[in-house]
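Undergrad: File follows, protein_17.cif with mmCIF, C-alpha atoms:
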data_start
#
loop_
_atom_site.group_PDB
_atom_site.id
_atom_site.type_symbol
_atom_site.label_atom_id
_atom_site.label_comp_id
_atom_site.auth_asym_id
_atom_site.auth_seq_id
_atom_site.Cartn_x
_atom_site.Cartn_y
_atom_site.Cartn_z
ATOM 1 C CA MET A 1 -70.173 -25.209 -55.745
ATOM 2 C CA ILE A 2 -69.696 -21.804 -54.160
ATOM 3 C CA ALA A 3 -68.972 -21.391 -50.441
ATOM 4 C CA GLY A 4 -70.742 -18.562 -48.640
ATOM 5 C CA ILE A 5 -68.807 -16.534 -46.068
ATOM 6 C CA ILE A 6 -70.370 -14.244 -43.460
ATOM 7 C CA LEU A 7 -67.958 -11.906 -41.670
ATOM 8 C CA ALA A 8 -69.281 -11.488 -38.122
ATOM 9 C CA ALA A 9 -66.167 -10.987 -36.006
ATOM 10 C CA GLY A 10 -66.310 -7.237 -35.371
ATOM 11 C CA ALA A 11 -66.630 -5.575 -31.975
ATOM 12 C CA SER A 12 -69.774 -3.604 -32.995
ATOM 13 C CA SER A 13 -68.487 -0.771 -30.815
ATOM 14 C CA ARG A 14 -70.444 1.999 -32.572
ATOM 15 C CA MET A 15 -73.639 -0.045 -32.364
ATOM 16 C CA GLY A 16 -73.149 -0.923 -28.694
ATOM 17 C CA THR A 17 -74.439 -4.496 -29.201
ATOM 18 C CA PRO A 18 -73.373 -7.349 -31.524
ATOM 19 C CA LYS A 19 -74.645 -6.482 -35.008
ATOM 20 C CA ALA A 20 -74.994 -10.173 -35.835
ATOM 21 C CA LEU A 21 -77.862 -10.360 -33.312
ATOM 22 C CA LEU A 22 -79.801 -7.284 -34.443
ATOM 23 C CA ASP A 23 -83.308 -7.978 -35.741
ATOM 24 C CA TYR A 24 -84.330 -7.513 -39.366
ATOM 25 C CA ARG A 25 -87.786 -8.648 -40.490
ATOM 26 C CA GLY A 26 -88.119 -11.114 -37.625
ATOM 27 C CA GLU A 27 -84.658 -12.690 -37.912
ATOM 28 C CA THR A 28 -81.253 -11.733 -36.635
ATOM 29 C CA PHE A 29 -78.867 -10.315 -39.214
ATOM 30 C CA LEU A 30 -76.813 -13.513 -38.924
ATOM 31 C CA ASP A 31 -79.716 -15.955 -39.203
ATOM 32 C CA ARG A 32 -81.103 -14.099 -42.205
ATOM 33 C CA LEU A 33 -77.750 -14.207 -43.987
ATOM 34 C CA ILE A 34 -77.257 -17.903 -43.135
ATOM 35 C CA ARG A 35 -80.700 -18.619 -44.635
ATOM 36 C CA VAL A 36 -80.233 -16.415 -47.716
ATOM 37 C CA LEU A 37 -76.735 -17.700 -48.506
ATOM 38 C CA GLY A 38 -77.625 -21.264 -47.500
ATOM 39 C CA GLY A 39 -80.213 -21.472 -50.261
ATOM 40 C CA VAL A 40 -77.474 -20.915 -52.838
ATOM 41 C CA CYS A 41 -74.069 -21.636 -51.255
ATOM 42 C CA ASP A 42 -72.543 -24.739 -49.703
ATOM 43 C CA PRO A 43 -71.145 -24.598 -47.109
ATOM 44 C CA VAL A 44 -71.996 -21.371 -45.288
ATOM 45 C CA ILE A 45 -69.015 -20.338 -43.162
ATOM 46 C CA VAL A 46 -69.370 -17.758 -40.385
ATOM 47 C CA ALA A 47 -66.248 -15.999 -39.115
ATOM 48 C CA LEU A 48 -66.681 -14.995 -35.469
ATOM 49 C CA GLY A 49 -64.376 -13.042 -33.167
ATOM 50 C CA TYR A 50 -65.710 -10.589 -30.602
ATOM 51 C CA HIS A 51 -68.825 -11.919 -28.804
ATOM 52 C CA ALA A 52 -68.201 -15.337 -30.442
ATOM 53 C CA GLU A 53 -69.794 -17.484 -27.725
ATOM 54 C CA GLU A 54 -72.896 -15.295 -27.428
ATOM 55 C CA ILE A 55 -73.439 -15.131 -31.185
ATOM 56 C CA ARG A 56 -72.871 -18.842 -31.738
ATOM 57 C CA ALA A 57 -75.220 -19.752 -28.879
ATOM 58 C CA LYS A 58 -78.031 -17.684 -30.398
ATOM 59 C CA ALA A 59 -77.518 -18.652 -34.044
ATOM 60 C CA GLN A 60 -80.425 -20.722 -35.385
ATOM 61 C CA GLY A 61 -79.220 -21.418 -38.907
ATOM 62 C CA ARG A 62 -76.997 -24.240 -40.144
ATOM 63 C CA ALA A 63 -73.462 -23.031 -40.736
ATOM 64 C CA ARG A 64 -69.824 -23.867 -40.144
ATOM 65 C CA PHE A 65 -68.314 -21.515 -37.543
ATOM 66 C CA VAL A 66 -64.675 -20.453 -37.438
ATOM 67 C CA VAL A 67 -63.165 -18.066 -34.909
ATOM 68 C CA ASN A 68 -60.706 -15.346 -35.849
ATOM 69 C CA PRO A 69 -58.023 -15.590 -33.134
ATOM 70 C CA ASP A 70 -57.260 -11.862 -33.395
ATOM 71 C CA PRO A 71 -60.323 -9.941 -34.624
ATOM 72 C CA SER A 72 -58.712 -6.642 -33.652
ATOM 73 C CA ARG A 73 -56.716 -6.953 -36.902
ATOM 74 C CA GLY A 74 -59.888 -6.165 -38.829
ATOM 75 C CA GLN A 75 -62.204 -7.579 -41.447
ATOM 76 C CA LEU A 76 -59.479 -8.916 -43.754
ATOM 77 C CA SER A 77 -58.195 -11.201 -40.996
ATOM 78 C CA SER A 78 -61.716 -12.609 -40.602
ATOM 79 C CA LEU A 79 -61.996 -13.220 -44.340
ATOM 80 C CA GLN A 80 -58.618 -14.962 -44.298
ATOM 81 C CA THR A 81 -59.736 -17.118 -41.343
ATOM 82 C CA ALA A 82 -62.897 -18.129 -43.208
ATOM 83 C CA LEU A 83 -61.039 -18.821 -46.472
ATOM 84 C CA GLY A 84 -59.082 -21.479 -44.605
ATOM 85 C CA ALA A 85 -62.365 -23.392 -44.215
ATOM 86 C CA VAL A 86 -63.446 -23.235 -47.883
ATOM 87 C CA PRO A 87 -63.575 -26.838 -49.162
ATOM 88 C CA ASP A 88 -61.046 -27.867 -51.828
ATOM 89 C CA GLU A 89 -63.852 -28.770 -54.222
ATOM 90 C CA ALA A 90 -65.462 -25.307 -54.102
ATOM 91 C CA ASP A 91 -65.361 -23.410 -57.406
ATOM 92 C CA GLY A 92 -65.268 -20.121 -55.535
ATOM 93 C CA PHE A 93 -66.664 -18.182 -52.617
ATOM 94 C CA LEU A 94 -69.052 -15.370 -51.892
ATOM 95 C CA PHE A 95 -68.527 -13.056 -48.930
ATOM 96 C CA VAL A 96 -70.625 -10.510 -47.081
ATOM 97 C CA PRO A 97 -70.179 -8.564 -43.821
ATOM 98 C CA VAL A 98 -72.882 -9.389 -41.262
ATOM 99 C CA ASP A 99 -73.851 -5.697 -41.184
ATOM 100 C CA CYS A 100 -75.036 -5.970 -44.817
ATOM 101 C CA PRO A 101 -78.097 -8.138 -44.100
ATOM 102 C CA ALA A 102 -80.673 -7.060 -46.661
ATOM 103 C CA ALA A 103 -79.789 -8.631 -50.038
ATOM 104 C CA GLU A 104 -82.439 -11.036 -51.315
ATOM 105 C CA GLN A 105 -81.777 -14.721 -51.987
ATOM 106 C CA GLU A 106 -82.631 -14.317 -55.684
ATOM 107 C CA THR A 107 -79.921 -11.649 -55.938
ATOM 108 C CA VAL A 108 -77.385 -14.020 -54.358
ATOM 109 C CA ARG A 109 -78.462 -16.708 -56.838
ATOM 110 C CA ARG A 110 -77.956 -14.327 -59.772
ATOM 111 C CA ILE A 111 -74.488 -13.338 -58.480
ATOM 112 C CA VAL A 112 -73.391 -16.975 -58.202
ATOM 113 C CA GLU A 113 -74.867 -17.880 -61.603
ATOM 114 C CA ALA A 114 -73.091 -14.904 -63.178
ATOM 115 C CA LEU A 115 -69.742 -16.109 -61.843
ATOM 116 C CA LEU A 116 -70.278 -19.700 -62.945
ATOM 117 C CA SER A 117 -71.536 -18.776 -66.414
ATOM 118 C CA THR A 118 -68.643 -16.462 -67.382
ATOM 119 C CA ASP A 119 -64.863 -16.551 -67.207
ATOM 120 C CA GLU A 120 -64.760 -13.472 -64.967
ATOM 121 C CA LEU A 121 -62.846 -13.708 -61.676
ATOM 122 C CA LEU A 122 -65.277 -11.595 -59.660
ATOM 123 C CA VAL A 123 -68.943 -10.622 -59.643
ATOM 124 C CA ILE A 124 -70.065 -7.543 -57.712
ATOM 125 C CA PRO A 125 -73.704 -6.438 -57.502
ATOM 126 C CA GLN A 126 -74.689 -2.862 -58.297
ATOM 127 C CA TYR A 127 -77.824 -0.910 -57.499
ATOM 128 C CA GLU A 128 -78.287 2.296 -59.489
ATOM 129 C CA GLY A 129 -74.579 2.211 -60.346
ATOM 130 C CA ARG A 130 -73.377 1.832 -56.733
ATOM 131 C CA ARG A 131 -71.414 -1.290 -55.815
ATOM 132 C CA GLY A 132 -72.508 -3.475 -52.919
ATOM 133 C CA HIS A 133 -72.385 -6.933 -51.314
ATOM 134 C CA PRO A 134 -72.136 -9.865 -51.467
ATOM 135 C CA VAL A 135 -69.017 -10.168 -53.627
ATOM 136 C CA CYS A 136 -68.348 -13.462 -55.404
ATOM 137 C CA ALA A 137 -64.875 -14.642 -56.430
ATOM 138 C CA ARG A 138 -63.320 -17.631 -58.151
ATOM 139 C CA ARG A 139 -61.257 -20.141 -56.193
ATOM 140 C CA GLU A 140 -57.992 -18.995 -57.825
ATOM 141 C CA LEU A 141 -58.233 -15.687 -55.956
ATOM 142 C CA ILE A 142 -58.120 -17.355 -52.528
ATOM 143 C CA ALA A 143 -54.314 -17.349 -52.563
ATOM 144 C CA GLU A 144 -54.259 -13.620 -53.358
ATOM 145 C CA PHE A 145 -56.603 -12.782 -50.481
ATOM 146 C CA LEU A 146 -54.550 -14.961 -48.116
ATOM 147 C CA ALA A 147 -51.323 -13.268 -49.262
ATOM 148 C CA LEU A 148 -52.502 -9.769 -48.312
ATOM 149 C CA PRO A 149 -50.555 -8.310 -45.369
ATOM 150 C CA PRO A 150 -52.288 -7.692 -42.019
ATOM 151 C CA GLU A 151 -52.801 -4.000 -42.849
ATOM 152 C CA GLY A 152 -54.219 -4.862 -46.294
ATOM 153 C CA GLN A 153 -57.821 -4.764 -47.467
ATOM 154 C CA ALA A 154 -59.831 -7.158 -49.609
ATOM 155 C CA LYS A 155 -60.570 -4.359 -52.071
ATOM 156 C CA GLU A 156 -56.897 -4.429 -53.114
ATOM 157 C CA VAL A 157 -57.470 -7.836 -54.748
ATOM 158 C CA VAL A 158 -60.790 -6.666 -56.166
ATOM 159 C CA ARG A 159 -59.192 -3.573 -57.750
ATOM 160 C CA ARG A 160 -56.309 -5.630 -59.119
ATOM 161 C CA HIS A 161 -58.800 -7.612 -61.200
ATOM 162 C CA ALA A 162 -61.157 -4.823 -62.290
ATOM 163 C CA ASP A 163 -60.696 -5.909 -65.911
ATOM 164 C CA ARG A 164 -62.071 -9.368 -65.058
ATOM 165 C CA THR A 165 -64.946 -8.254 -62.869
ATOM 166 C CA HIS A 166 -68.592 -8.491 -63.863
ATOM 167 C CA PHE A 167 -70.735 -5.757 -62.311
ATOM 168 C CA LEU A 168 -74.211 -7.214 -62.006
ATOM 169 C CA GLU A 169 -76.912 -4.550 -62.128
ATOM 170 C CA THR A 170 -79.786 -5.424 -59.806
ATOM 171 C CA LEU A 171 -83.062 -3.889 -58.640
ATOM 172 C CA ASP A 172 -82.274 -5.102 -55.094
ATOM 173 C CA ALA A 173 -81.379 -2.034 -52.989
ATOM 174 C CA GLY A 174 -80.462 -4.467 -50.196
ATOM 175 C CA VAL A 175 -77.029 -4.949 -51.749
ATOM 176 C CA LEU A 176 -76.167 -1.458 -50.490
ATOM 177 C CA SER A 177 -77.262 -1.975 -46.870
ATOM 178 C CA ASP A 178 -74.387 -1.254 -44.491
ATOM 179 C CA ILE A 179 -75.451 -0.928 -40.876
ATOM 180 C CA ASP A 180 -72.598 0.681 -38.973
ATOM 181 C CA ASP A 181 -74.411 2.671 -36.290
ATOM 182 C CA PRO A 182 -77.810 3.113 -34.598
ATOM 183 C CA GLU A 183 -78.912 5.736 -37.145
ATOM 184 C CA ALA A 184 -78.290 3.391 -40.091
ATOM 185 C CA TYR A 185 -80.124 0.634 -38.199
ATOM 186 C CA ARG A 186 -83.163 2.888 -37.650
ATOM 187 C CA THR A 187 -83.212 3.687 -41.368
ATOM 188 C CA LEU A 188 -83.075 -0.041 -42.222
ATOM 189 C CA GLN A 189 -85.915 -0.822 -39.809
ATOM 190 C CA GLU A 190 -88.070 1.930 -41.299
ATOM 191 C CA SER A 191 -87.462 0.622 -44.829
ATOM 192 C CA ALA A 192 -88.529 -2.869 -43.745
ATOM 193 C CA ARG A 193 -92.012 -1.729 -42.704
#
Using structure tokens, write down the structure from this file.
TA:
Amino acid sequence: MIAGIILAAGASSRMGTPKALLDYRGETFLDRLIRVLGGVCDPVIVALGYHAEEIRAKAQGRARFVVNPDPSRGQLSSLQTALGAVPDEADGFLFVPVDCPAAEQETVRRIVEALLSTDELLVIPQYEGRRGHPVCARRELIAEFLALPPEGQAKEVVRRHADRTHFLETLDAGVLSDIDDPEAYRTLQESAR
């Protein structure tokens, strides 16, 4: 059992509107990720922060919501908040920022299967040699992510275990989607046509 975590606590200041509620192929970023992860992961945990009430009210998918009490501390604090909700029986967790909405469900399935079928600690998808999301990690890394200081970043744990990371090559360019501003969103919308 792998828990799925969606990090949706950011202020979306560069976008000017909550990224979780942006449309992609007829679904919001958040609803698409809940659906895609929900077909593979159990439970799906959504970390909210800024705009929490608005996002939760509009979410259609089935997920467990947690609220980062201080989202201004950044994405790591949201991951740490969500990790607190990972069930004890989970073998690991997979995490993705809400502004990376385009990976396909089959890709998520392959990432999870790769983790469960090897003794690696992490699985990271790659498209044409470039690393993307979602990232999948074994349960034993939860303590390391939780131990990072407030100014830390999740990639510190990832780098620490580079020798036990499986890089999964995929044909899914969606693993590289990263929608930080209106220009990136326009590019994503054009690619979806």
Undergrad: Which residues, named as in the file, does the PyMOL selection byres ((chain A and resi 42) around 9) pick out? Answer as a VMD selection string.
TA: chain A and resid 1 to 4 37 to 41 43 to 45 90
Undergrad: Write a file of the just-selected residues containing C-alpha atoms, as a PDB file, in the frame of the given file.
TA:
ATOM      1  CA  MET A   1     -70.173 -25.209 -55.745  1.00  0.00           C
ATOM      2  CA  ILE A   2     -69.696 -21.804 -54.160  1.00  0.00           C
ATOM      3  CA  ALA A   3     -68.972 -21.391 -50.441  1.00  0.00           C
ATOM      4  CA  GLY A   4     -70.742 -18.562 -48.640  1.00  0.00           C
ATOM      5  CA  LEU A  37     -76.735 -17.700 -48.506  1.00  0.00           C
ATOM      6  CA  GLY A  38     -77.625 -21.264 -47.500  1.00  0.00           C
ATOM      7  CA  GLY A  39     -80.213 -21.472 -50.261  1.00  0.00           C
ATOM      8  CA  VAL A  40     -77.474 -20.915 -52.838  1.00  0.00           C
ATOM      9  CA  CYS A  41     -74.069 -21.636 -51.255  1.00  0.00           C
ATOM     10  CA  PRO A  43     -71.145 -24.598 -47.109  1.00  0.00           C
ATOM     11  CA  VAL A  44     -71.996 -21.371 -45.288  1.00  0.00           C
ATOM     12  CA  ILE A  45     -69.015 -20.338 -43.162  1.00  0.00           C
ATOM     13  CA  ALA A  90     -65.462 -25.307 -54.102  1.00  0.00           C
TER      14      ALA A  90
END
Undergrad: Which residue gives the smallest distance to Ile111 in chain A among A:Val175, A:Ala82, A:Val98, A:Ile34, with all atoms listed in the file counted?
TA: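 Residue with the minimum atom-to-atom distance to Ile111 in chain A: A:Val175.
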Undergrad: Counting all atoms listed in the file, which residues sit no farther than 10 Å from the position (-72.9, -6.0, -64.4) in the file's frame? I'd like them as an MDAnalysis selection string.
TA: chainID A and resid 111 114 123:127 129 131 165:170
Undergrad: Applied to the shown file, which residues does the PyMOL selection byres ((chain A and resi 52) around 12) return, written as an NGL selection string?
TA: :A and (7-11 or 18-21 or 46-51 or 53-59 or 65-71)
Undergrad: If you measure from CA of Leu146 in chain A to CA of Ala85 in chain A, what distance in Å do you get, rounded to one decimal?
TA: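 Rounded to one decimal, the two atoms are 12.1 Å apart.
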Undergrad: Have a look at A:His161, A:Gln80, A:Cys100, A:Arg139 and name the one nearest to Asp180 in chain A; count all atoms listed in the file.
TA: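 Of all the options, A:Cys100 lies closest to Asp180 in chain A.
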Undergrad: Take the PyMOL selection byres ((chain A and resi 164) around 12), apply it to the structure above, and return the hits as a PyMOL selection string.
TA: chain A and resi 115+118-124+137-138+141+157-163+165-167
Undergrad: Quick one: residues within 10 Å of Gly152 in chain A, only C-alpha atoms counted, chain neighbours fewer than 3 positions away excluded, as an mmCIF file with C-alpha atoms, in the frame of the given file?
TA:
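out.cif, written as the output of this step:
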data_model
loop_
_atom_site.group_PDB
_atom_site.id
_atom_site.type_symbol
_atom_site.label_atom_id
_atom_site.label_comp_id
_atom_site.auth_asym_id
_atom_site.auth_seq_id
_atom_site.Cartn_x
_atom_site.Cartn_y
_atom_site.Cartn_z
ATOM 1 C CA ARG A 73 -56.716 -6.953 -36.902
ATOM 2 C CA GLY A 74 -59.888 -6.165 -38.829
ATOM 3 C CA GLN A 75 -62.204 -7.579 -41.447
ATOM 4 C CA LEU A 76 -59.479 -8.916 -43.754
ATOM 5 C CA SER A 77 -58.195 -11.201 -40.996
ATOM 6 C CA PHE A 145 -56.603 -12.782 -50.481
ATOM 7 C CA ALA A 147 -51.323 -13.268 -49.262
ATOM 8 C CA LEU A 148 -52.502 -9.769 -48.312
ATOM 9 C CA PRO A 149 -50.555 -8.310 -45.369
ATOM 10 C CA LYS A 155 -60.570 -4.359 -52.071
ATOM 11 C CA GLU A 156 -56.897 -4.429 -53.114
ATOM 12 C CA VAL A 157 -57.470 -7.836 -54.748
#
Undergrad: Find the residues around Ser177 in chain A up to 9 Å (all atoms listed in the file counted), leave out those fewer than 6 positions away in its own chain, and share them as a list in words.
TA: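 Listing them by chain and then by number gives Asp99, Cys100, Pro101, Ala102, Ala103, Gly132, His133, Ala184 and Leu188 of chain A.
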Undergrad: Could you write out that same residue set with C-alpha atoms as an mmCIF file, keeping the file's coordinate frame?
TA:
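And here's result-v5.cif as it stands now:
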data_model
loop_
_atom_site.group_PDB
_atom_site.id
_atom_site.type_symbol
_atom_site.label_atom_id
_atom_site.label_comp_id
_atom_site.auth_asym_id
_atom_site.auth_seq_id
_atom_site.Cartn_x
_atom_site.Cartn_y
_atom_site.Cartn_z
ATOM 1 C CA ASP A 99 -73.851 -5.697 -41.184
ATOM 2 C CA CYS A 100 -75.036 -5.970 -44.817
ATOM 3 C CA PRO A 101 -78.097 -8.138 -44.100
ATOM 4 C CA ALA A 102 -80.673 -7.060 -46.661
ATOM 5 C CA ALA A 103 -79.789 -8.631 -50.038
ATOM 6 C CA GLY A 132 -72.508 -3.475 -52.919
ATOM 7 C CA HIS A 133 -72.385 -6.933 -51.314
ATOM 8 C CA ALA A 184 -78.290 3.391 -40.091
ATOM 9 C CA LEU A 188 -83.075 -0.041 -42.222
#
Undergrad: Please report the interatomic distance between CA of Tyr185 in chain A and CA of Ile5 in chain A in Å with one decimal.
TA: 22.0 Å
Undergrad: I need the residue nearest Leu83 in chain A from this list: A:Ala143, A:Cys136, A:Ala63, A:Leu30. Use only C-alpha atoms for the distance.
TA: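 Looking at the shortest contact to Leu83 in chain A, the residue is A:Ala143.
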Undergrad: Tell me which of A:Leu79, A:Val108, A:Ile6, A:Met15 sits closest to Arg64 in chain A, counting all atoms listed in the file.
TA: A:Ile6
Undergrad: When you draw a straight line from CA of Leu22 in chain A to CA of Ser72 in chain A, how long is it in Å?
TA: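 Atom-to-atom, CA of Leu22 in chain A and CA of Ser72 in chain A are spaced 21.1 Å apart.
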